[in-house]
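Structure file model-v5.txt with compact mmCIF, C-alpha atoms and all ligand atoms:
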# COMPACT_ATOMS: atom_id res chain seq x y z
CA MET E 1 15.08 22.09 -5.37
CA THR E 2 15.41 19.29 -7.95
CA ALA E 3 12.09 17.88 -9.06
CA THR E 4 11.27 14.32 -7.99
CA THR E 5 10.04 12.04 -10.76
CA VAL E 6 6.97 10.03 -9.74
CA THR E 7 5.75 7.25 -12.01
CA ILE E 8 2.16 6.10 -11.59
CA THR E 9 1.12 2.91 -13.34
CA GLY E 10 -2.59 2.55 -14.02
CA ALA E 11 -2.72 6.34 -13.97
CA GLY E 12 -5.83 6.31 -16.19
CA GLY E 13 -7.76 4.32 -13.57
CA GLN E 14 -9.76 5.42 -10.56
CA ILE E 15 -7.03 5.45 -7.91
CA GLY E 16 -4.67 7.08 -10.41
CA TYR E 17 -7.17 9.90 -10.96
CA ALA E 18 -7.49 10.43 -7.21
CA LEU E 19 -3.70 10.37 -6.73
CA LEU E 20 -2.47 12.67 -9.47
CA PHE E 21 -3.96 15.92 -8.28
CA ARG E 22 -2.90 15.45 -4.67
CA ILE E 23 0.67 14.67 -5.71
CA ALA E 24 0.70 17.74 -7.97
CA ALA E 25 -0.64 19.84 -5.08
CA GLY E 26 2.32 18.83 -2.86
CA ASP E 27 0.45 16.55 -0.46
CA MET E 28 2.90 13.69 -0.90
CA LEU E 29 6.35 15.28 -0.91
CA GLY E 30 5.69 18.63 0.70
CA PRO E 31 4.50 22.10 -0.29
CA ASP E 32 7.92 23.22 -1.60
CA HIS E 33 8.86 20.09 -3.48
CA PRO E 34 8.55 20.15 -7.31
CA VAL E 35 7.41 16.97 -9.06
CA ARG E 36 7.52 15.49 -12.52
CA LEU E 37 4.79 12.94 -13.30
CA ARG E 38 5.06 9.90 -15.57
CA LEU E 39 1.69 8.28 -16.29
CA LEU E 40 2.24 4.69 -17.43
CA GLU E 41 -0.73 2.84 -18.90
CA ILE E 42 -1.61 0.04 -21.25
CA PRO E 43 -2.91 1.17 -24.67
CA GLN E 44 -6.59 0.92 -23.61
CA GLY E 45 -5.89 3.19 -20.64
CA LEU E 46 -4.03 5.91 -22.50
CA LYS E 47 -7.03 8.14 -23.27
CA PRO E 48 -8.19 8.53 -19.66
CA ALA E 49 -4.57 9.16 -18.65
CA GLU E 50 -4.21 11.78 -21.40
CA GLY E 51 -7.43 13.39 -20.18
CA ALA E 52 -6.07 13.50 -16.65
CA ALA E 53 -2.88 15.11 -17.99
CA LEU E 54 -4.99 17.85 -19.62
CA GLU E 55 -6.77 18.44 -16.33
CA LEU E 56 -3.44 18.58 -14.51
CA GLN E 57 -2.43 21.37 -16.86
CA ASP E 58 -5.71 23.10 -16.06
CA GLY E 59 -4.90 22.84 -12.37
CA ALA E 60 -1.93 25.20 -12.93
CA PHE E 61 -0.08 23.55 -10.04
CA PRO E 62 3.04 25.59 -9.24
CA LEU E 63 4.96 22.45 -8.15
CA LEU E 64 4.21 20.45 -11.30
CA ARG E 65 7.17 20.63 -13.67
CA ASP E 66 6.15 18.17 -16.35
CA VAL E 67 3.64 15.40 -17.19
CA GLU E 68 4.26 12.58 -19.63
CA VAL E 69 1.78 9.87 -20.65
CA THR E 70 3.12 6.64 -22.11
CA ASP E 71 2.48 2.94 -22.58
CA ASP E 72 6.21 2.20 -22.77
CA ALA E 73 7.72 1.08 -19.44
CA ALA E 74 11.21 2.23 -20.52
CA VAL E 75 9.88 5.78 -20.91
CA GLY E 76 7.55 5.58 -17.91
CA PHE E 77 10.28 4.53 -15.47
CA ASP E 78 13.06 6.65 -16.99
CA GLY E 79 14.73 8.52 -14.12
CA CYS E 80 11.91 7.50 -11.76
CA ASN E 81 12.50 8.25 -8.06
CA ILE E 82 9.16 6.97 -6.77
CA ALA E 83 7.18 4.24 -8.52
CA LEU E 84 3.53 3.84 -7.56
CA LEU E 85 2.48 0.50 -9.06
CA VAL E 86 -1.29 0.87 -9.12
CA GLY E 87 -2.28 -0.73 -12.44
CA SER E 88 -3.00 -4.43 -12.14
CA ARG E 89 -5.21 -7.12 -13.55
CA PRO E 90 -8.48 -7.40 -11.60
CA ARG E 91 -10.07 -10.76 -10.92
CA GLY E 92 -12.48 -11.56 -13.75
CA PRO E 93 -15.56 -13.80 -13.56
CA GLY E 94 -14.57 -17.44 -13.00
CA MET E 95 -10.89 -16.53 -12.66
CA GLU E 96 -8.99 -18.78 -10.25
CA ARG E 97 -6.55 -17.27 -7.75
CA ALA E 98 -3.65 -18.95 -9.57
CA ASP E 99 -4.73 -17.29 -12.84
CA LEU E 100 -4.93 -13.93 -11.08
CA LEU E 101 -1.43 -14.34 -9.64
CA ALA E 102 -0.07 -15.38 -13.02
CA ALA E 103 -1.72 -12.46 -14.85
CA ASN E 104 -0.24 -10.02 -12.37
CA ALA E 105 3.17 -11.65 -12.47
CA GLY E 106 3.06 -10.84 -16.19
CA ILE E 107 2.67 -7.16 -15.25
CA PHE E 108 4.84 -6.75 -12.15
CA GLY E 109 7.75 -8.91 -13.39
CA PRO E 110 8.48 -6.79 -16.47
CA GLN E 111 7.82 -3.59 -14.49
CA GLY E 112 10.37 -4.64 -11.84
CA ALA E 113 12.92 -5.32 -14.56
CA ALA E 114 12.18 -1.98 -16.22
CA ILE E 115 12.57 -0.18 -12.89
CA GLN E 116 15.98 -1.76 -12.36
CA LYS E 117 17.04 -0.78 -15.86
CA HIS E 118 15.64 2.73 -16.21
CA ALA E 119 14.82 4.22 -12.81
CA ALA E 120 17.06 6.51 -10.76
CA ALA E 121 19.54 4.86 -8.38
CA ASP E 122 17.48 5.98 -5.36
CA VAL E 123 14.14 4.60 -6.65
CA ARG E 124 11.52 3.55 -4.08
CA VAL E 125 8.60 1.36 -5.10
CA VAL E 126 5.16 0.75 -3.63
CA ALA E 127 2.78 -1.86 -5.03
CA VAL E 128 -0.85 -0.83 -4.64
CA GLY E 129 -2.44 -3.10 -7.27
CA ASN E 130 -3.64 -6.41 -5.87
CA PRO E 131 -2.54 -8.94 -4.79
CA ALA E 132 -0.26 -6.15 -3.55
CA ASN E 133 2.22 -8.07 -1.36
CA THR E 134 2.91 -10.75 -3.94
CA ASN E 135 2.99 -8.23 -6.78
CA ALA E 136 5.66 -6.33 -4.84
CA LEU E 137 7.56 -9.58 -4.32
CA ILE E 138 7.48 -10.28 -8.05
CA ALA E 139 8.72 -6.78 -8.88
CA ARG E 140 11.42 -7.09 -6.25
CA THR E 141 12.59 -10.47 -7.57
CA SER E 142 12.75 -9.04 -11.09
CA ALA E 143 15.10 -6.27 -9.94
CA PRO E 144 17.84 -8.28 -8.18
CA ASP E 145 20.43 -5.49 -8.34
CA LEU E 146 18.30 -3.14 -6.22
CA PRO E 147 18.33 -3.37 -2.41
CA ASP E 148 15.42 -5.06 -0.61
CA ASP E 149 14.42 -1.93 1.22
CA ARG E 150 13.29 -0.20 -1.98
CA PHE E 151 10.27 -2.47 -2.39
CA THR E 152 7.07 -2.15 -0.38
CA ALA E 153 3.37 -2.90 -0.69
CA LEU E 154 0.53 -0.78 0.59
CA THR E 155 -1.15 -1.78 3.86
CA ARG E 156 -1.50 1.82 5.00
CA LEU E 157 -5.15 1.82 3.99
CA ASP E 158 -5.74 -1.08 6.38
CA HIS E 159 -3.77 0.81 9.04
CA ASN E 160 -5.80 3.97 8.52
CA ARG E 161 -9.04 1.96 8.59
CA ALA E 162 -7.99 0.48 11.95
CA VAL E 163 -7.22 3.94 13.34
CA GLY E 164 -10.57 5.19 12.01
CA GLN E 165 -12.50 2.39 13.74
CA LEU E 166 -10.74 2.97 17.06
CA ALA E 167 -11.27 6.71 16.84
CA ALA E 168 -14.98 6.19 16.16
CA ILE E 169 -15.67 3.84 19.08
CA LEU E 170 -13.64 5.95 21.50
CA ASP E 171 -15.02 9.20 20.15
CA VAL E 172 -11.58 10.78 19.77
CA SER E 173 -9.69 12.33 16.87
CA PRO E 174 -7.71 9.84 14.76
CA GLY E 175 -4.70 12.00 15.64
CA ALA E 176 -4.96 10.87 19.28
CA ILE E 177 -4.22 7.25 18.32
CA ARG E 178 -0.72 5.85 17.97
CA ASP E 179 0.98 2.53 17.36
CA VAL E 180 -1.72 0.44 15.72
CA ALA E 181 -0.18 -2.32 13.58
CA ILE E 182 -1.26 -4.34 10.55
CA TRP E 183 0.49 -7.70 10.18
CA GLY E 184 0.61 -10.02 7.18
CA ASN E 185 -1.15 -9.83 3.85
CA HIS E 186 -3.32 -7.05 2.41
CA SER E 187 -6.27 -9.43 2.35
CA ALA E 188 -9.01 -10.66 4.65
CA THR E 189 -6.42 -12.72 6.59
CA GLN E 190 -4.52 -9.60 7.74
CA PHE E 191 -4.20 -9.02 11.48
CA PRO E 192 -5.03 -5.50 12.68
CA ASP E 193 -3.42 -5.32 16.14
CA VAL E 194 -4.26 -2.87 18.92
CA ALA E 195 -2.22 -4.56 21.66
CA HIS E 196 0.39 -1.77 21.67
CA ALA E 197 -1.85 1.09 20.56
CA THR E 198 -2.41 4.13 22.74
CA VAL E 199 -5.06 6.83 22.81
CA ASP E 200 -3.83 10.15 24.13
CA GLY E 201 -1.10 8.16 25.90
CA THR E 202 -3.48 5.60 27.52
CA PRO E 203 -3.31 1.98 26.33
CA ALA E 204 -6.11 1.57 23.77
CA LEU E 205 -7.30 -1.62 25.48
CA ASP E 206 -7.76 0.30 28.77
CA ALA E 207 -9.61 3.07 26.97
CA LEU E 208 -11.82 0.47 25.27
CA ALA E 209 -12.48 -1.26 28.61
CA ALA E 210 -13.52 2.05 30.15
CA ARG E 211 -15.78 2.79 27.20
CA LEU E 212 -17.35 -0.66 26.83
CA GLY E 213 -17.76 -1.66 30.48
CA GLY E 214 -14.79 -3.94 31.14
CA ALA E 215 -11.75 -5.74 29.78
CA GLU E 216 -13.82 -8.71 28.61
CA GLN E 217 -16.14 -6.49 26.61
CA ALA E 218 -13.13 -4.69 25.13
CA ALA E 219 -11.51 -7.98 24.08
CA ALA E 220 -14.81 -9.17 22.57
CA TRP E 221 -15.18 -5.93 20.58
CA VAL E 222 -11.64 -6.25 19.25
CA ASP E 223 -12.05 -9.91 18.22
CA ASP E 224 -15.66 -9.90 17.01
CA GLU E 225 -16.09 -6.44 15.52
CA PHE E 226 -12.85 -4.54 15.03
CA VAL E 227 -10.64 -7.20 13.42
CA PRO E 228 -13.24 -8.54 10.96
CA ARG E 229 -14.51 -5.06 10.10
CA VAL E 230 -11.05 -3.73 9.26
CA ALA E 231 -10.11 -6.90 7.37
CA ARG E 232 -13.34 -6.78 5.34
CA ARG E 233 -13.65 -3.03 5.00
CA GLY E 234 -12.87 -3.18 1.28
CA ALA E 235 -15.91 -5.41 0.74
CA GLU E 236 -18.05 -3.12 2.93
CA ILE E 237 -17.06 -0.11 0.82
CA ILE E 238 -18.01 -2.00 -2.36
CA GLU E 239 -21.40 -2.93 -0.86
CA VAL E 240 -22.24 0.59 0.26
CA ARG E 241 -20.62 2.62 -2.50
CA GLY E 242 -21.11 0.21 -5.37
CA SER E 243 -17.43 0.48 -6.25
CA SER E 244 -14.10 -0.25 -4.58
CA SER E 245 -12.15 2.16 -2.35
CA VAL E 246 -10.60 4.94 -4.41
CA ALA E 247 -10.00 8.22 -2.55
CA SER E 248 -9.09 6.44 0.70
CA ALA E 249 -6.67 4.19 -1.23
CA ALA E 250 -5.05 7.21 -2.90
CA ASN E 251 -4.89 8.97 0.46
CA ALA E 252 -3.18 5.94 2.04
CA THR E 253 -0.68 5.75 -0.83
CA ILE E 254 0.21 9.38 -0.25
CA ASP E 255 0.56 8.77 3.52
CA HIS E 256 2.78 5.73 2.83
CA VAL E 257 5.16 7.60 0.55
CA ARG E 258 5.21 10.80 2.63
CA ASP E 259 6.16 8.95 5.82
CA TRP E 260 8.70 6.85 3.92
CA MET E 261 10.39 9.85 2.29
CA LEU E 262 10.02 12.50 4.95
CA GLY E 263 9.85 10.39 8.14
CA ARG E 264 7.26 10.51 10.89
CA SER E 265 7.68 11.50 14.51
CA ASP E 266 4.40 10.32 16.02
CA GLY E 267 4.93 6.59 16.54
CA TRP E 268 4.92 3.86 13.99
CA THR E 269 2.73 3.03 11.02
CA SER E 270 2.23 -0.12 8.93
CA ALA E 271 3.75 -1.10 5.60
CA ALA E 272 4.47 -4.35 3.82
CA VAL E 273 8.26 -4.60 3.55
CA VAL E 274 10.78 -7.34 2.82
CA SER E 275 11.19 -9.63 5.82
CA HIS E 276 14.61 -10.69 7.01
CA GLY E 277 13.07 -13.14 9.46
CA GLU E 278 11.60 -10.58 11.89
CA TYR E 279 8.81 -12.02 14.06
CA GLY E 280 9.31 -15.41 12.42
CA VAL E 281 8.13 -14.20 8.99
CA PRO E 282 10.14 -16.13 6.37
CA SER E 283 12.96 -14.12 4.84
CA GLY E 284 12.21 -12.61 1.49
CA LEU E 285 8.41 -12.39 1.92
CA ILE E 286 6.86 -8.94 1.64
CA SER E 287 4.64 -8.85 4.70
CA SER E 288 3.04 -6.05 6.67
CA PHE E 289 4.76 -5.04 9.91
CA PRO E 290 4.71 -2.10 12.28
CA VAL E 291 7.35 0.21 10.80
CA ALA E 292 9.09 3.39 11.88
CA SER E 293 10.61 5.94 9.53
CA ASP E 294 13.20 8.67 9.97
CA GLY E 295 13.04 9.51 6.26
CA SER E 296 15.95 7.28 5.27
CA GLY E 297 13.75 4.18 4.95
CA TYR E 298 11.14 2.07 6.69
CA ARG E 299 12.51 0.06 9.62
CA ILE E 300 10.56 -2.81 11.20
CA VAL E 301 9.75 -2.08 14.85
CA GLU E 302 11.33 -5.00 16.68
CA GLY E 303 10.99 -6.46 20.15
CA LEU E 304 7.21 -6.16 20.55
CA ASP E 305 5.46 -8.79 22.66
CA VAL E 306 3.30 -11.03 20.48
CA ASP E 307 0.92 -13.20 22.53
CA ALA E 308 -0.36 -16.60 21.44
CA ARG E 309 -3.56 -15.25 19.86
CA ALA E 310 -1.69 -12.64 17.87
CA ARG E 311 0.90 -15.24 16.88
CA ALA E 312 -1.79 -17.51 15.46
CA ARG E 313 -3.34 -14.69 13.45
CA ILE E 314 0.00 -13.50 12.11
CA ASP E 315 0.95 -17.07 11.19
CA ALA E 316 -2.33 -17.57 9.31
CA SER E 317 -1.82 -14.46 7.19
CA VAL E 318 1.84 -15.24 6.57
CA ALA E 319 0.83 -18.78 5.50
CA GLU E 320 -1.35 -17.18 2.83
CA LEU E 321 1.62 -15.12 1.62
CA VAL E 322 3.76 -18.26 1.48
CA ALA E 323 1.03 -20.00 -0.55
CA GLU E 324 0.86 -17.06 -2.98
CA ARG E 325 4.64 -17.04 -3.35
CA ASP E 326 4.72 -20.81 -3.88
CA ALA E 327 1.93 -20.67 -6.48
CA VAL E 328 3.81 -18.03 -8.47
CA ALA E 329 7.07 -19.94 -8.12
CA ALA E 330 5.43 -23.22 -9.16
CA ALA E 331 4.21 -21.51 -12.33
CA GLY E 332 7.83 -20.52 -13.04
CA LEU E 333 7.03 -16.83 -12.57
CA LEU E 334 9.35 -16.05 -9.67
P1 LIG E 401 -9.00 0.71 -12.22
O1 LIG E 401 -9.47 -0.52 -12.94
O2 LIG E 401 -9.87 1.91 -12.17
O3 LIG E 401 -7.60 1.17 -12.83
C1 LIG E 401 -6.57 0.30 -13.11
C2 LIG E 401 -5.79 0.90 -14.26
O4 LIG E 401 -4.62 0.11 -14.45
C3 LIG E 401 -6.53 0.89 -15.59
O5 LIG E 401 -6.55 2.20 -16.14
C4 LIG E 401 -5.74 -0.07 -16.45
O6 LIG E 401 -5.72 0.31 -17.83
C5 LIG E 401 -4.35 0.05 -15.83
N1 LIG E 401 -3.46 -1.07 -16.08
C6 LIG E 401 -3.74 -2.39 -16.18
N2 LIG E 401 -2.64 -3.10 -16.48
C7 LIG E 401 -1.63 -2.21 -16.55
C8 LIG E 401 -0.24 -2.33 -16.84
N3 LIG E 401 0.30 -3.49 -17.14
N4 LIG E 401 0.50 -1.20 -16.84
C9 LIG E 401 -0.03 0.00 -16.58
N5 LIG E 401 -1.35 0.17 -16.30
C10 LIG E 401 -2.13 -0.91 -16.28
O7 LIG E 401 -8.61 0.21 -10.75
P2 LIG E 401 -8.39 1.07 -9.43
O8 LIG E 401 -9.68 1.24 -8.72
O9 LIG E 401 -7.61 2.28 -9.77
O10 LIG E 401 -7.53 0.05 -8.55
C11 LIG E 401 -6.21 -0.28 -8.92
C12 LIG E 401 -5.67 -1.42 -8.08
O11 LIG E 401 -5.61 -1.05 -6.69
C13 LIG E 401 -6.53 -2.70 -8.11
O12 LIG E 401 -5.66 -3.82 -8.24
C14 LIG E 401 -7.16 -2.73 -6.73
O13 LIG E 401 -7.48 -4.04 -6.33
C15 LIG E 401 -6.04 -2.15 -5.91
N6 LIG E 401 -6.39 -1.66 -4.57
C16 LIG E 401 -5.45 -1.82 -3.60
C17 LIG E 401 -5.64 -1.35 -2.33
C18 LIG E 401 -4.59 -1.51 -1.28
O14 LIG E 401 -4.84 -1.09 -0.13
N7 LIG E 401 -3.42 -2.09 -1.54
C19 LIG E 401 -6.93 -0.70 -1.95
C20 LIG E 401 -7.70 -0.18 -3.10
C21 LIG E 401 -7.69 -1.08 -4.30
O15 LIG E 401 -8.59 -2.14 -4.11

Please render this file's structure as structure tokens.
Ligand code: NAX
Amino acid sequence: MTATTVTITGAGGQIGYALLFRIAAGDMLGPDHPVRLRLLEIPQGLKPAEGAALELQDGAFPLLRDVEVTDDAAVGFDGCNIALLVGSRPRGPGMERADLLAANAGIFGPQGAAIQKHAAADVRVVAVGNPANTNALIARTSAPDLPDDRFTALTRLDHNRAVGQLAAILDVSPGAIRDVAIWGNHSATQFPDVAHATVDGTPALDALAARLGGAEQAAAWVDDEFVPRVARRGAEIIEVRGSSSVASAANATIDHVRDWMLGRSDGWTSAAVVSHGEYGVPSGLISSFPVASDGSGYRIVEGLDVDARARARIDASVAELVAERDAVAAAGLL
């Protein structure tokens, strides 16, 4: 089998370190699928990336064909089939949101252009670095010759967090839960939606009502505990752990790519993909939707009922995405 070339930006960082060994072990593309890794960093990040490359060698992974560390995007994206855009500029003290968007546009714009120029024709891209949806949009806009469906942003961690919370309250395995959805932005405005979710085939809302003593109690738990907890889980992890999510973010990135490349049979998942107007989300925005995959690409699950409360929450998160897009455009960066 031909090796797949996976480029990881920010590979010298924390999520990069958690990703590399799982990719090399075959967790992302399958136990028979050889991989070639390209670790793209900025000059300050080269040493940790080089150290990780030494450790990859020491892992003696049978599937790992080759590892290259570089700070040159032309080399890093050369022949790339899967681009994991993890490296980004974090928010510094006193930094305004507009400054953060601009700093990241300066990263994701050139990377999008380099992907168009140097990557393989079948390249697929996922933005992990925050603000992930808008960073993906910037990369997408900088690669106009590539199709829309090659560009995604990661909301799978939010999706997995939602499944984890449901599994915990219902005391079931996460594997029993299907068809949770994350809508909107990967931010505190996101809408984790259980309206269509099932637990071992039973509607999740019925299972919650049985567990919590009634439909009213179930609705209150969803609105007052579940939605805010999932949306703010990143902050909770920082409070408890003293550092942001790393292994769970790497795990979600692997889930996102595996389902995208290989397909999934057990219901839908969530990913931020380019809208073509589905569910009233403005065309061109990269927003999270429920998505299905047969391995040929992510497809937005259409035709779901969206009630007035869900509509309002989706609209609020999409309004934030529009504001991010407009801020970047106003600065001449889109
Ligand atoms: P780290 O600060 O540990 O690593 C970031 C790495 O990126 C550094 O090694 C840095 O040198 C490198 N880098 C910076 N600019 C670069 C560029 N232009 N080209 C290549 N590399 C570059 O952060 P880490 O904990 O790994 O997090 C990475 C990103 O993931 C952050 O933006 C973070 O906010 C984001 N996250 C996104 C999540 C999601 O669900 N979408 C969840 C986890 C995480 O918060």

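Considering all atoms listed in the file, every residue of the polymer chains approaching ligand LIG 401 (chain E) to 6 Å or closer is listed here: E:Thr9, E:Gly10, E:Gly12, E:Gly13, E:Gln14, E:Ile15, E:Gly16, E:Leu40, E:Glu41, E:Ile42, E:Gln44, E:Gly45, E:Val86, E:Gly87, E:Ser88, E:Arg89, E:Pro90, E:Ile107, E:Val128, E:Gly129, E:Asn130, E:Ala132, E:Leu154, E:Thr155, E:Leu157, E:Ser244, E:Ser245, E:Val246, E:Ala249.
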
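Note that CA of Arg178 (chain E) and CA of Thr134 (chain E) are 27.7 Å apart.
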
Would you mind listing, for every residue of region 38-155 of chain E within 12 Å of region 309-321 of chain E, the two atoms forming the shortest contact and the distance between them in Å to one decimal, using all atoms listed in the file, sorted by chain and ascending residue number, as a Markdown table?
| residue | atom | partner | partner_atom | distance |
| --- | --- | --- | --- | --- |
| E:Arg97 | CA | E:Glu320 | CA | 11.8 |
| E:Leu101 | CA | E:Leu321 | CA | 11.7 |
| E:Pro131 | CA | E:Leu321 | CA | 9.8 |
| E:Ala132 | CA | E:Leu321 | CA | 10.5 |
| E:Asn133 | CA | E:Leu321 | CA | 7.7 |
| E:Thr134 | CA | E:Leu321 | CA | 7.2 |
| E:Asn135 | CA | E:Leu321 | CA | 11.0 |
| E:Ala136 | CA | E:Leu321 | CA | 11.6 |
| E:Leu137 | CA | E:Leu321 | CA | 10.1 |

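Proximity of E:Val306, E:Val322, E:Thr198, E:Pro31 to Ser283 (chain E), computed with only C-alpha atoms, is greatest for E:Val322.
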
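Among the candidate residues E:Thr70, E:Gln190, E:Thr202, E:Arg156, the one lying nearest to Asp255 (chain E) is E:Arg156, with distances computed using all atoms listed in the file.
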
Check your understanding: What lies within 8 Å of Thr7 (chain E) using all atoms listed in the file, ignoring chain neighbours under 3 positions off, as number ranges by chain?
Key -> E: 37-40, 76-77, 80-84

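Counting all atoms listed in the file, the residue from E:Leu63, E:Ala25, E:Leu333, E:Leu85 that sits nearest to Arg124 (chain E) is E:Leu85.
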
Point to revise | Counting only C-alpha atoms, the residue of E:Glu50, E:Ile169, E:Arg229, E:Ile115 that sits nearest Leu212 (chain E) | key: E:Ile169

Exercise: Arg232 (chain E) partners within 12 Å, only C-alpha atoms, chain neighbours under 6 positions left out, as a short mmCIF file (atom, residue, chain, number, x, y, z; two decimals) with C-alpha atoms, in the coordinates of the input:
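Printed below is around05.cif as written:
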data_model
loop_
_atom_site.label_atom_id
_atom_site.label_comp_id
_atom_site.auth_asym_id
_atom_site.auth_seq_id
_atom_site.Cartn_x
_atom_site.Cartn_y
_atom_site.Cartn_z
CA LEU E 157 -5.15 1.82 3.99
CA ASP E 158 -5.74 -1.08 6.38
CA ARG E 161 -9.04 1.96 8.59
CA ALA E 162 -7.99 0.48 11.95
CA HIS E 186 -3.32 -7.05 2.41
CA SER E 187 -6.27 -9.43 2.35
CA ALA E 188 -9.01 -10.66 4.65
CA THR E 189 -6.42 -12.72 6.59
CA GLN E 190 -4.52 -9.60 7.74
CA PHE E 191 -4.20 -9.02 11.48
CA PRO E 192 -5.03 -5.50 12.68
CA GLU E 225 -16.09 -6.44 15.52
CA PHE E 226 -12.85 -4.54 15.03
CA ILE E 238 -18.01 -2.00 -2.36
CA GLU E 239 -21.40 -2.93 -0.86
CA SER E 244 -14.10 -0.25 -4.58
CA SER E 245 -12.15 2.16 -2.35
#

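The two atoms in question, CA of Ala139 (chain E) and CA of Gln111 (chain E), are spaced 6.5 Å apart.
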
With the input short on atoms, add N, CA and C atoms back to region 214-229 of chain E and write it as a tab-separated table (two decimals), in the frame of the given file.
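And here is the file that came out, part-v2.tsv:
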chain	number	residue	atom	x	y	z
E	214	GLY	N	-15.66	-2.92	30.56
E	214	GLY	CA	-14.79	-3.94	31.14
E	214	GLY	C	-13.82	-4.51	30.12
E	215	ALA	N	-12.79	-5.20	30.65
E	215	ALA	CA	-11.75	-5.74	29.78
E	215	ALA	C	-12.30	-6.84	28.88
E	216	GLU	N	-13.24	-7.62	29.42
E	216	GLU	CA	-13.82	-8.71	28.61
E	216	GLU	C	-14.59	-8.14	27.41
E	217	GLN	N	-15.37	-7.12	27.69
E	217	GLN	CA	-16.14	-6.49	26.61
E	217	GLN	C	-15.19	-5.87	25.57
E	218	ALA	N	-14.09	-5.30	26.05
E	218	ALA	CA	-13.13	-4.69	25.13
E	218	ALA	C	-12.52	-5.77	24.24
E	219	ALA	N	-12.13	-6.89	24.86
E	219	ALA	CA	-11.51	-7.98	24.08
E	219	ALA	C	-12.51	-8.53	23.06
E	220	ALA	N	-13.78	-8.64	23.48
E	220	ALA	CA	-14.81	-9.17	22.57
E	220	ALA	C	-15.02	-8.21	21.39
E	221	TRP	N	-15.01	-6.91	21.68
E	221	TRP	CA	-15.18	-5.93	20.58
E	221	TRP	C	-14.02	-6.05	19.59
E	222	VAL	N	-12.81	-6.16	20.14
E	222	VAL	CA	-11.64	-6.25	19.25
E	222	VAL	C	-11.76	-7.50	18.37
E	223	ASP	N	-12.04	-8.65	18.98
E	223	ASP	CA	-12.05	-9.91	18.22
E	223	ASP	C	-13.25	-10.03	17.27
E	224	ASP	N	-14.43	-9.60	17.76
E	224	ASP	CA	-15.66	-9.90	17.01
E	224	ASP	C	-16.08	-8.77	16.07
E	225	GLU	N	-15.64	-7.56	16.37
E	225	GLU	CA	-16.09	-6.44	15.52
E	225	GLU	C	-14.92	-5.75	14.82
E	226	PHE	N	-13.94	-5.35	15.60
E	226	PHE	CA	-12.85	-4.54	15.03
E	226	PHE	C	-12.05	-5.32	13.96
E	227	VAL	N	-11.51	-6.46	14.35
E	227	VAL	CA	-10.64	-7.20	13.42
E	227	VAL	C	-11.39	-7.56	12.14
E	228	PRO	N	-12.57	-8.20	12.22
E	228	PRO	CA	-13.24	-8.54	10.96
E	228	PRO	C	-13.67	-7.32	10.15
E	229	ARG	N	-14.04	-6.24	10.85
E	229	ARG	CA	-14.51	-5.06	10.10
E	229	ARG	C	-13.37	-4.42	9.31
